[in-house]
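Written out below as structure tokens is the structure these notes cover.
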Amino acid sequence: MENIGALAILLAFCLSIFSIFASLVGAWKQKQFLIVSAERAVICVWALVTLASGLLINALMTGDYRLAYVAAHSNKAMPMIYKFSAWWGGQEGSLLMWNFILATYALVVVLQNRRKHRAIMPYVTTTMMVTQGFFLMLIAFLVPPFQVLSTGGKAIVDVGDGQGLNPLLQYWTMVIHPPILYLGYVGYIVPFAFALGSLITKQKGDEWIFTTRRWAIVTWLFQGTGILLGAGWAYSVLGWGGYWGWDPVENASFLPWLTSTAFLHSVTMQEKKGMMKVWNLVLVASTFFLCIFGTFLTRSGIVSSVHAFAQSPIGPYFVAFLAVTIAITILMILSRLDYLKSEAPLESVVSRESSFLFNNLILLASCFAILWGTLFPVISEAIAGEKISVDAPWFNRVNVPIGLALLFLTGVGPLLAWRRSTPDNLKRNFLWPMIGMVATIAILVGMGISHFYALLSLGLCTFVTWTIVSEFWKGTMAIKEKDSLGFVPSVIELTHRNTRRYGGYIVHMGIVLMFIGFSGAAFNKDTTVEAKVGEKFPLGRYELKVTDIKTGQNENFIWQNAVIEATVDGKPFATLTPERRIYEKSQQPVSMVAIKRQLNEDLYINFAGMGSGSQQPTIQAYVFPLVSWIWLGYWILLFGSIVCLVPAKIKMQYARTEVVGVSTKHAPVTK
Amino acid sequence: MNTTLKFGLVIALVVGTLGWVAASGVNDDTASYYKTISDIEKMDSNAKMKRLRVGGDIEKGSIKREGKQVSFVLVEESRKMTVRYDGNEPLPDTFRDGAQALVDGRMEQNGVFHAAKISAKCASKYEAKPGQNYQKQNSINQRPA
């Protein structure tokens, strides 16, 4: 079977190369049969990669321990679901999954566009297949997933049982985090391919933006979901109580999210005003390159990270691939500048246009700062000869002000008028939200809170919430009066008329809730004690008591847990049982923290182990205020994004370069 | 003042502020220098005051826990250094005998390294070595005829 798998990968590689040349020659010589043939090759690539993936999954599930990959990432005692997720538990398998997702996207694009976009499709196919060919090359020649174990001679060895999946990955969010993140990472290729295709064929209009708008939103949503699942996993499994540590791998997944967020905003400028055309191309290309770069960073061992893959020989190939594709893209943009002229000038610093501009500026600045910080060891070694790394406090120092500035723009941007805002307009829209913000800060100061950033953040959250609610309120009231509908039907009608606008507001609301959650970090409390059974210790308003230590064993791991009773003012509050496991096969210890989640704060307890001398349990207990708001915010964000994807009831016709009057702001539905 | 100039000024202000925050942020509290144990032995006492980041293997059997404090010996090519840790963050699960560890902190006068942060990666974490005696091979090339 492993021969069929390896052969399928090799064939898929050959077909992707064929597809590139068939597309290019077909487009050049205007031979339709070659273009169609190239697209059929894409379908075959998908079938072959699917076959290879199926074979690897089958080997993992049935336990074919002759295969090196299976022996390294699966074992008999592991539950089925983790045997399946071992598909992406290691370098080779996860690259195969990368290929599978890319091939699937390519398949969907080809099938969707059999009759549409015929002029640019050859280049779309080419772009996707160049990438596919590159990633297939990696698993065909450099890190093949279908290698067998042998003693050096010709005999194949069956080792009987494997090492098992890294126990840290044996957790439900880790089953879905990598695929979802990859769906994001890989998906950005589609907008990029269309952008490049339209650039090469000198398309005048903004067709690529309309075509790929939904792709961009869906991919952005996957990327965000993947990042947040990773954060949730870190919080519930890694046991250090944080959800974000500015680790290079986390940063790598965050960078394309930032540029694509910028992209989603600035396309509005191109759609409505025909501005920022070059900029949008740069953004969509950067996003794609950052995705490849992120994959490279995770796998090459260039910067040390807690959860990077082992060092492997694939690093230089990534650098070469990036260098070539970046060079081609820059050349293409430069040679097509004539087609990318802006159709309207920027008129005022205080306008909707400029708020988009600053939104982009700040997102990009953040992206650049994070990239700089992540690569600081590499940069400093190259320049000063000394390897210096910067850690979480540096990232926070730079990114907290950036985040707050963005939060501010979230509130301000949507309410500014196009072209220019008058002082009267500003006063009408922002007087009450400002008062709300000041009042919030005053109340919090009154409650004894003095942390500057937390105050500012929570104040801004009120500000933004107020502006969003007032937008919904104004629109709803207009509809309610005009169409004499009830309140709830009016809200739905309003949202349905312009789903992207109001869906966007809902997404903003989700972000606001997340910022409330982030602000909670300013008030974390913790304590570490070595407590005898029966001993009590305080933390914040809680009193904790270790009541029992239990041990046990199953076929996958041995475990020991501490039973801890928490009381508030003498009343029983909760019983938590943090656990330590040692996995049989890998001898890897894993702590399972116990968390009592509440809306106002989480009580979070980690069982660090038994003291070497005293043989008493060491308990680390934390109070994390407001963390649940982050996850809550995500659900709102998800809902908002889905709303954005629903087709709007009224098709907007934008008057390019014409005055979009200030009055449209207050009756948005009549545009 | 024309609009372009205004935009230029605002952009310069934003970028300048961020640049300043970023550059001034690289200081003793946030930046640490990658050094090997032998580098540290050669350093003068002044240079030792900097925050350092040292990698190595955890010597088998050297981990001792006493209450909050954890101590162990870090080994790098036969050179050894004692490390103590008393931070509030739980140690990573991968922190155990024989694992690779990266410690971040400062040297104390008595030659003990006081780590503020420890990250550990066990050698087998993502890329386990299945039965070290075996070699990986492509089956296609190696099959007996």
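Chains: A, B, ... in order of the structure tokens. Residues: from 1 per chain. Ligands: from 1, in order shown.
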
So which residues touch A:Pro617 within 12 Å, counting only C-alpha atoms, skipping near sequence neighbours fewer than 6 positions away, as an mmCIF file with C-alpha atoms, in the first residue's frame?
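Once everything was written out, this is part30.cif:
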data_model
loop_
_atom_site.group_PDB
_atom_site.id
_atom_site.type_symbol
_atom_site.label_atom_id
_atom_site.label_comp_id
_atom_site.auth_asym_id
_atom_site.auth_seq_id
_atom_site.Cartn_x
_atom_site.Cartn_y
_atom_site.Cartn_z
ATOM 1 C CA THR A 528 1.601 28.561 44.390
ATOM 2 C CA VAL A 529 1.527 26.422 47.510
ATOM 3 C CA GLU A 530 2.741 23.080 48.705
ATOM 4 C CA ALA A 531 -0.346 21.955 50.540
ATOM 5 C CA LYS A 532 -0.898 18.916 52.731
ATOM 6 C CA VAL A 533 -4.152 17.054 52.300
ATOM 7 C CA GLY A 534 -6.712 18.917 54.401
ATOM 8 C CA GLU A 535 -4.789 22.162 54.383
ATOM 9 C CA LYS A 545 -8.672 22.988 50.360
ATOM 10 C CA VAL A 546 -6.956 19.868 49.095
ATOM 11 C CA THR A 547 -9.234 17.034 50.187
ATOM 12 C CA ASP A 548 -7.743 14.023 48.465
ATOM 13 C CA ILE A 549 -5.057 12.698 46.150
ATOM 14 C CA LYS A 550 -6.064 9.867 43.848
ATOM 15 C CA GLN A 560 -2.793 11.213 39.623
ATOM 16 C CA ASN A 561 -5.173 13.955 40.616
ATOM 17 C CA ALA A 562 -5.803 16.319 43.465
ATOM 18 C CA VAL A 563 -9.352 16.895 44.624
ATOM 19 C CA ILE A 564 -9.710 20.522 45.622
ATOM 20 C CA PRO A 578 -6.614 18.933 38.306
ATOM 21 C CA GLU A 579 -4.770 15.899 37.056
ATOM 22 C CA ARG A 580 -1.338 14.793 35.962
ATOM 23 C CA ASN A 606 -2.963 23.244 38.077
ATOM 24 C CA PHE A 607 -1.518 20.250 39.892
ATOM 25 C CA ALA A 608 2.215 20.754 39.406
ATOM 26 C CA GLY A 609 3.278 17.448 40.935
ATOM 27 C CA MET A 610 4.604 16.087 44.209
ATOM 28 C CA GLY A 611 7.526 17.812 45.934
ATOM 29 C CA ARG B 65 11.236 20.222 43.712
ATOM 30 C CA GLU B 66 10.929 21.910 47.036
ATOM 31 C CA GLY B 67 7.737 23.834 47.518
ATOM 32 C CA LYS B 68 7.690 26.540 44.936
#

Those of stretch 6-143 of chain B in DSSP strand (DSSP E), formatted as a PyMOL selection string: chain B and resi 31-35+52-58+64-66+69-76+79-85+100-107+113-121+135-138

Distance query A:Gln223 at most 8 Å, only C-alpha atoms, self and fewer than 4 positions along chain excluded, as a VMD selection string: chain A and resid 180 to 185 219 227 253 257

Spatial neighbours of B:Leu74, max dist 10 Å, only C-alpha atoms, sep filter under 2 positions, as a PyMOL selection string: chain B and resi 37+54-60+62-63+71-72+76+78-83+98-103+113

Between atom CA of B:Glu77 and atom CA of B:Ser38 - distance in Å to one decimal: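 Value for the atom CA of B:Ser38-atom CA of B:Glu77 distance: 9.2 Å.
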